[in-house]
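These notes concern the structure reproduced below.
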Amino acid sequence: MTVELLVLLIVISTALAFDFTNGFHDTANAMATSIATGALRPRVAVTLSAVLNLIGAFLSVAVAATVAKGIVRLDAVSGQDLLVIVFAGLVGGILWNLLTWLFGLPSSSSHALFGGLIGATLAALGWSGVIWASGSEGVVTKIVLPAVLAPVVAALVSAIGTWLVYRITKGSDEGKVTQGFRWGQIGSASLVSLAHGTNDAQKTMGVIFLALVAHGTLTKNDEMPLWVMAACAVAIAAGTYLGGWRIIRTLGKGLVEIDSPQGLAAESASAAIILTSAHFGLPLSTTQTATGSILGTGLGKGAEVRWGVMGRMVVAWLLTLPLAGVAGAVCWVIAHVIGGLAGVLVVFTILIALSTLMYLRSRRDPVHTGNVNEWPSGSTDPQAAAEKPADGGPATPSNSTHSAQV
């Protein structure tokens, strides 16, 4: 086995690891509201979401093409240099995903990946190595503008939908309305899961495609290989099934107290926006879209919004691209200075060590199917929620049933 092939295999493995973290980090986007309202039991929800993520990953490759060809100038770099850029960017994205998961913050996995790639590219090639804007392509058009518009549009659509739902059902039997909307939530949450697979799994496909182009296995004009699509679909589905309970709790209980009509409105708005973006090849942040939709339901109903939690989310959103970029740049520098396979292995070891530390820290205050719907009264701190259950008693201890759950 050549050094180049070994580096390629490490890069592909790291890309699938990112896809896995994307799955459990973003499960909340589809299922948080259904779990919060009782429309679906937690484990049933993540199982359904995993299956639909798997199916959705095969529906389109438009977003994958944007990631593969719309961020790094492929004519400016090739070979192992491009492989190391891709690898460093992936490590930056994984570390940011795990850090925000640890604190229960629903930040964007997509922007973590893009930030890591952009940071590594800037460190390696300078400003000109990134496609900032090129007609309808580039970072500004395909990433920055959707990031700004998606949560705003989602909140607006969701607020109008929620207002209409409550106006139409005013005076109806509350029990029948709740039951009907819970059934509706199963359908709308399923649609969001399908859309998430269509949008997010493709981002990892695009990164692996970049790595294969760098290795010389493919050219930039080749079709996406079926094995890449299948591997990414399985990885994101497996991560989704694990269940990102910390973030599910923040979205389902931390931002707004959600009833079934609100859940249906939020999920329907999210699904419509995500599927539309996937059709046009826009690598949208499904996290920001889902969060905007949930915020909109609170505004549309006139319910209490925990603005402290929302503020923490916005800060995380603003920091995602730059800090993931810094992590990607640092990883590239380390790999470049040490050089060759040794540099890649050192960065890979750092990734494993930091990931292990964050996982062990999470075990001190586990969030699982048993406490995912508990949010302490008056709290605006997702981390505090992980340490103090709703009844104000001692933290819920982990046990053998929950120890394997995220």
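Convention: chains lettered A, B, ... in structure tokens order; per-chain residue numbering from 1; ligands numbered from 1 as shown.
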| task | Determine, counting only C-alpha atoms, which protein, DNA and RNA residues have an atom within 10 Å of an atom of A:Phe87; residues of the same chain fewer than 3 positions away are not included. Present the result as a list in words. | result |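 So the residues in contact are Val7, Leu8, Ile10, Val11, Ile12, Ser13, Thr14, Ala15, Asp81, Leu82, Leu83, Val84, Leu90, Val91, Gly92, Gly93, Gly116, Leu117, Ala120, Val207, Ile208, Ala211, Gly328, Cys331, Trp332, Ala335, Val344, Val347 and Phe348 of chain A.
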Can you write just those residues out, N, CA and C atoms, as a compact mmCIF listing (two decimals), in the first residue's frame?
# COMPACT_ATOMS: atom_id res chain seq x y z
N VAL A 7 -3.04 7.70 2.97
CA VAL A 7 -3.56 9.02 3.33
C VAL A 7 -4.99 9.17 2.84
N LEU A 8 -5.26 8.70 1.62
CA LEU A 8 -6.62 8.76 1.08
C LEU A 8 -7.59 8.00 1.96
N ILE A 10 -7.33 7.37 5.14
CA ILE A 10 -7.51 8.12 6.39
C ILE A 10 -8.49 9.28 6.18
N VAL A 11 -8.34 9.96 5.04
CA VAL A 11 -9.23 11.08 4.74
C VAL A 11 -10.67 10.61 4.58
N ILE A 12 -10.87 9.51 3.86
CA ILE A 12 -12.23 8.98 3.67
C ILE A 12 -12.83 8.55 5.00
N SER A 13 -12.02 7.89 5.84
CA SER A 13 -12.51 7.48 7.16
C SER A 13 -12.90 8.68 8.01
N THR A 14 -12.09 9.74 7.94
CA THR A 14 -12.39 10.95 8.70
C THR A 14 -13.65 11.62 8.17
N ALA A 15 -13.84 11.60 6.85
CA ALA A 15 -15.05 12.17 6.26
C ALA A 15 -16.29 11.42 6.73
N ASP A 81 -1.33 17.53 -1.41
CA ASP A 81 -1.61 18.84 -0.79
C ASP A 81 -3.12 19.05 -0.63
N LEU A 82 -3.89 18.69 -1.66
CA LEU A 82 -5.34 18.82 -1.57
C LEU A 82 -5.91 17.83 -0.57
N LEU A 83 -5.34 16.64 -0.52
CA LEU A 83 -5.80 15.65 0.46
C LEU A 83 -5.62 16.16 1.88
N VAL A 84 -4.48 16.78 2.16
CA VAL A 84 -4.22 17.30 3.50
C VAL A 84 -5.16 18.46 3.83
N LEU A 90 -11.86 18.62 7.61
CA LEU A 90 -12.76 17.65 8.26
C LEU A 90 -12.52 17.58 9.76
N VAL A 91 -11.26 17.60 10.17
CA VAL A 91 -10.94 17.54 11.60
C VAL A 91 -11.50 18.78 12.30
N GLY A 92 -11.34 19.94 11.69
CA GLY A 92 -11.89 21.16 12.27
C GLY A 92 -13.40 21.07 12.43
N GLY A 93 -14.08 20.53 11.41
CA GLY A 93 -15.53 20.39 11.47
C GLY A 93 -15.98 19.41 12.55
N GLY A 116 -14.06 24.64 8.37
CA GLY A 116 -12.82 23.87 8.42
C GLY A 116 -12.12 23.85 7.08
N LEU A 117 -12.89 23.61 6.00
CA LEU A 117 -12.30 23.57 4.67
C LEU A 117 -11.74 24.93 4.25
N ALA A 120 -8.49 25.68 6.31
CA ALA A 120 -7.35 24.89 5.83
C ALA A 120 -6.87 25.39 4.47
N VAL A 207 -17.06 16.07 -0.14
CA VAL A 207 -15.71 16.08 0.43
C VAL A 207 -14.94 14.83 -0.01
N ILE A 208 -15.59 13.68 0.02
CA ILE A 208 -14.92 12.46 -0.43
C ILE A 208 -14.61 12.55 -1.92
N ALA A 211 -11.48 14.40 -2.26
CA ALA A 211 -10.33 13.57 -1.92
C ALA A 211 -9.97 12.61 -3.06
N GLY A 328 -9.32 24.16 11.43
CA GLY A 328 -8.85 23.58 10.18
C GLY A 328 -7.48 24.10 9.78
N CYS A 331 -4.79 22.58 12.10
CA CYS A 331 -4.54 21.18 11.73
C CYS A 331 -3.70 21.09 10.46
N TRP A 332 -3.98 21.98 9.50
CA TRP A 332 -3.17 21.95 8.27
C TRP A 332 -1.72 22.33 8.57
N ALA A 335 0.05 19.35 10.23
CA ALA A 335 0.32 18.30 9.25
C ALA A 335 1.40 18.72 8.27
N VAL A 344 -0.09 13.69 8.98
CA VAL A 344 -1.50 13.30 8.97
C VAL A 344 -1.83 12.44 10.19
N VAL A 347 -2.12 14.60 13.42
CA VAL A 347 -3.40 15.31 13.49
C VAL A 347 -4.54 14.33 13.78
N PHE A 348 -4.49 13.14 13.20
CA PHE A 348 -5.50 12.13 13.44
C PHE A 348 -5.51 11.71 14.91
| task | Extract, using only C-alpha atoms, all DNA, RNA and protein residues at most 7 Å from stretch 199-201 of chain A, discarding same-chain residues fewer than 6 positions from it, and format them as a VMD selection string. | result | chain A and resid 19 57 63 232 to 233 236 278 283
Emit the selected residues as a JSON list (two decimals), in the first residue's frame, including N, CA, C and O atoms.
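File produced: part17.json:
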[["chain", "number", "residue", "atom", "x", "y", "z"],
["A", 19, "ASP", "N", -19.50, 12.63, 8.94],
["A", 19, "ASP", "CA", -20.89, 12.35, 8.55],
["A", 19, "ASP", "C", -21.65, 11.74, 9.72],
["A", 19, "ASP", "O", -22.82, 12.06, 9.94],
["A", 57, "ALA", "N", -30.45, 10.37, 1.28],
["A", 57, "ALA", "CA", -29.10, 10.57, 0.76],
["A", 57, "ALA", "C", -28.96, 10.16, -0.70],
["A", 57, "ALA", "O", -28.04, 10.62, -1.40],
["A", 63, "VAL", "N", -26.19, 19.23, -4.08],
["A", 63, "VAL", "CA", -25.43, 19.86, -3.00],
["A", 63, "VAL", "C", -24.01, 19.32, -2.97],
["A", 63, "VAL", "O", -23.05, 20.06, -2.73],
["A", 232, "CYS", "N", -21.85, 7.28, 2.65],
["A", 232, "CYS", "CA", -22.29, 8.49, 3.36],
["A", 232, "CYS", "C", -23.70, 8.32, 3.90],
["A", 232, "CYS", "O", -24.02, 8.80, 5.00],
["A", 233, "ALA", "N", -24.55, 7.65, 3.15],
["A", 233, "ALA", "CA", -25.92, 7.42, 3.61],
["A", 233, "ALA", "C", -25.94, 6.57, 4.88],
["A", 233, "ALA", "O", -26.65, 6.88, 5.85],
["A", 236, "ILE", "N", -24.41, 8.68, 8.02],
["A", 236, "ILE", "CA", -25.29, 9.69, 8.62],
["A", 236, "ILE", "C", -26.51, 9.02, 9.28],
["A", 236, "ILE", "O", -26.99, 9.49, 10.32],
["A", 278, "ALA", "N", -32.07, 22.05, -1.44],
["A", 278, "ALA", "CA", -31.38, 20.90, -2.02],
["A", 278, "ALA", "C", -31.59, 20.84, -3.53],
["A", 278, "ALA", "O", -30.68, 20.51, -4.30],
["A", 283, "PRO", "N", -26.14, 24.34, -0.10],
["A", 283, "PRO", "CA", -25.82, 23.56, 1.10],
["A", 283, "PRO", "C", -26.30, 24.26, 2.36],
["A", 283, "PRO", "O", -25.53, 24.80, 3.15]]
| field | Who sits within 12 Å of A:Ser277, only C-alpha atoms, same chain under 3 positions skipped, as a VMD selection string | value | chain A and resid 60 62 to 63 66 142 to 143 145 to 147 149 to 150 195 to 196 198 to 200 270 to 274 280 to 286 289
| task | Would you list the contacts of A:Ala45 as a list in words, taking every protein, DNA or RNA residue within 8 Å and counting only C-alpha atoms, but skipping same-chain residues closer than 6 positions in sequence? | result |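 Close residues of A:Ala45: Met31, Ser34 and Ile35 of chain A.
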Take the residues that were just selected and, keeping all heavy atoms, output them as a PDB file, in the first residue's frame.
ATOM      1  N   MET A  31     -36.552  15.745  14.703  1.00  0.00           N
ATOM      2  CA  MET A  31     -37.344  15.014  15.690  1.00  0.00           C
ATOM      3  C   MET A  31     -37.535  15.699  17.034  1.00  0.00           C
ATOM      4  O   MET A  31     -38.271  15.204  17.882  1.00  0.00           O
ATOM      5  CB  MET A  31     -36.713  13.627  15.908  1.00  0.00           C
ATOM      6  CG  MET A  31     -36.832  12.728  14.691  1.00  0.00           C
ATOM      7  SD  MET A  31     -38.585  12.429  14.288  1.00  0.00           S
ATOM      8  CE  MET A  31     -38.451  11.576  12.707  1.00  0.00           C
ATOM      9  N   SER A  34     -41.272  16.577  17.702  1.00  0.00           N
ATOM     10  CA  SER A  34     -42.133  15.398  17.832  1.00  0.00           C
ATOM     11  C   SER A  34     -41.901  14.690  19.163  1.00  0.00           C
ATOM     12  O   SER A  34     -42.839  14.171  19.777  1.00  0.00           O
ATOM     13  CB  SER A  34     -41.870  14.426  16.679  1.00  0.00           C
ATOM     14  OG  SER A  34     -42.275  14.982  15.453  1.00  0.00           O
ATOM     15  N   ILE A  35     -40.649  14.668  19.604  1.00  0.00           N
ATOM     16  CA  ILE A  35     -40.345  14.078  20.912  1.00  0.00           C
ATOM     17  C   ILE A  35     -40.899  14.953  22.030  1.00  0.00           C
ATOM     18  O   ILE A  35     -41.465  14.466  23.004  1.00  0.00           O
ATOM     19  CB  ILE A  35     -38.823  13.888  21.058  1.00  0.00           C
ATOM     20  CG1 ILE A  35     -38.323  12.818  20.077  1.00  0.00           C
ATOM     21  CG2 ILE A  35     -38.452  13.504  22.489  1.00  0.00           C
ATOM     22  CD1 ILE A  35     -36.824  12.690  20.004  1.00  0.00           C
TER      23      ILE A  35
END
| query | For A:Val314, which residue among A:Phe24, A:Thr287, A:Ile338, A:Leu299 is the nearest when counting only C-alpha atoms? | reply | A:Thr287
| What residues in stretch 20-203 of chain A get the DSSP label alpha helix (DSSP H)? Please answer as a PyMOL selection string. | chain A and resi 20-37+42-56+62-69+79-102+109-125+139+145-168+174-203
Contacts of A:Phe114 at 8 Å or less, counting only C-alpha atoms, minus same-chain residues fewer than 5 places along, as a CSV table (one decimal) with all heavy atoms, in the first residue's frame?
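Below you can see out16.csv, which holds the result:
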chain,number,residue,atom,x,y,z
A,89,GLY,N,-9.6,20.2,7.1
A,89,GLY,CA,-10.9,20.8,7.2
A,89,GLY,C,-11.9,19.9,7.9
A,89,GLY,O,-12.7,20.4,8.7
A,93,GLY,N,-14.1,20.5,11.4
A,93,GLY,CA,-15.5,20.4,11.5
A,93,GLY,C,-16.0,19.4,12.6
A,93,GLY,O,-16.9,19.7,13.3
A,321,LEU,N,-18.2,29.3,11.6
A,321,LEU,CA,-17.3,29.4,10.5
A,321,LEU,C,-15.9,29.8,10.9
A,321,LEU,O,-15.0,29.2,10.5
A,321,LEU,CB,-17.9,30.4,9.4
A,321,LEU,CG,-18.9,29.8,8.4
A,321,LEU,CD1,-19.6,30.9,7.6
A,321,LEU,CD2,-18.3,28.8,7.5
A,325,GLY,N,-12.8,27.3,11.1
A,325,GLY,CA,-11.8,27.7,10.2
A,325,GLY,C,-10.4,27.7,10.9
A,325,GLY,O,-9.4,27.2,10.3
| said: When you look at stretch 291-296 of chain A with a cut-off of 8 Å (counting only C-alpha atoms), what residues show up, excluding the ones that are within fewer than 6 positions of it in the same chain? I need them as a VMD selection string. | reply: chain A and resid 29 106 150 to 160 162 251 255 to 256 262 to 263 265 to 267 269 to 270 305
| Separation of atom CA of A:Leu357 from atom CA of A:Phe20, in Å and rounded to one decimal | 17.8 Å
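Between atom CA of A:Arg73 and atom CA of A:Val148 the interatomic distance comes to 24.1 Å.
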| task | Could you jot down the atom CA of A:Ala28 to atom CA of A:His368 separation for me, Å, one decimal place? | result |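 That distance, rounded to one decimal, is 13.0 Å.
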| task | Tell me which protein, DNA and RNA residues are within 10 Å of A:Trp183, counting only C-alpha atoms, leaving out same-chain ones fewer than 6 positions away, and put them as an MDAnalysis selection string. | result | chainID A and resid 34 39:40 260 264
Residue selection dump (N, CA, C and O atoms) as a PDB file, in the first residue's frame:
ATOM      1  N   SER A  34     -41.272  16.577  17.702  1.00  0.00           N
ATOM      2  CA  SER A  34     -42.133  15.398  17.832  1.00  0.00           C
ATOM      3  C   SER A  34     -41.901  14.690  19.163  1.00  0.00           C
ATOM      4  O   SER A  34     -42.839  14.171  19.777  1.00  0.00           O
ATOM      5  N   ALA A  39     -45.529  13.137  20.233  1.00  0.00           N
ATOM      6  CA  ALA A  39     -46.026  12.512  19.010  1.00  0.00           C
ATOM      7  C   ALA A  39     -45.285  11.207  18.714  1.00  0.00           C
ATOM      8  O   ALA A  39     -45.864  10.255  18.173  1.00  0.00           O
ATOM      9  N   LEU A  40     -44.018  11.163  19.067  1.00  0.00           N
ATOM     10  CA  LEU A  40     -43.203   9.964  18.887  1.00  0.00           C
ATOM     11  C   LEU A  40     -42.377   9.734  20.142  1.00  0.00           C
ATOM     12  O   LEU A  40     -41.877  10.684  20.748  1.00  0.00           O
ATOM     13  N   SER A 260     -48.456  20.323  19.826  1.00  0.00           N
ATOM     14  CA  SER A 260     -48.490  19.601  18.550  1.00  0.00           C
ATOM     15  C   SER A 260     -48.754  20.488  17.332  1.00  0.00           C
ATOM     16  O   SER A 260     -48.090  20.332  16.295  1.00  0.00           O
ATOM     17  N   LEU A 264     -46.114  20.720  14.130  1.00  0.00           N
ATOM     18  CA  LEU A 264     -46.438  20.470  12.724  1.00  0.00           C
ATOM     19  C   LEU A 264     -46.053  21.671  11.862  1.00  0.00           C
ATOM     20  O   LEU A 264     -45.482  21.512  10.775  1.00  0.00           O
TER      21      LEU A 264
END
| Nearest to A:Val337 by atom-to-atom distance, counting only C-alpha atoms, from A:Trp375, A:Val228, A:Asp26, A:Ala123 |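 Checking each of A:Trp375, A:Val228, A:Asp26, A:Ala123 against A:Val337, counting only C-alpha atoms, the winner is A:Ala123.
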| field | strand (DSSP E or B) positions in stretch 12-232 of chain A, given as a PyMOL selection string | value | chain A and resi 72+130+134+137
Can you spit out the residues from that selection as a PDB file, in the first residue's frame, using N, CA and C atoms?
ATOM      1  N   VAL A  72     -13.024  25.110  -2.938  1.00  0.00           N
ATOM      2  CA  VAL A  72     -11.577  25.142  -3.184  1.00  0.00           C
ATOM      3  C   VAL A  72     -11.327  25.239  -4.686  1.00  0.00           C
ATOM      4  N   VAL A 130      -9.601  30.120  -2.237  1.00  0.00           N
ATOM      5  CA  VAL A 130     -11.025  29.911  -1.977  1.00  0.00           C
ATOM      6  C   VAL A 130     -11.845  30.583  -3.063  1.00  0.00           C
ATOM      7  N   SER A 134     -18.165  33.643  -7.765  1.00  0.00           N
ATOM      8  CA  SER A 134     -17.920  33.425  -9.191  1.00  0.00           C
ATOM      9  C   SER A 134     -19.272  33.240  -9.870  1.00  0.00           C
ATOM     10  N   GLU A 137     -21.914  31.056  -8.253  1.00  0.00           N
ATOM     11  CA  GLU A 137     -21.228  30.073  -7.437  1.00  0.00           C
ATOM     12  C   GLU A 137     -20.402  30.772  -6.364  1.00  0.00           C
TER      13      GLU A 137
END
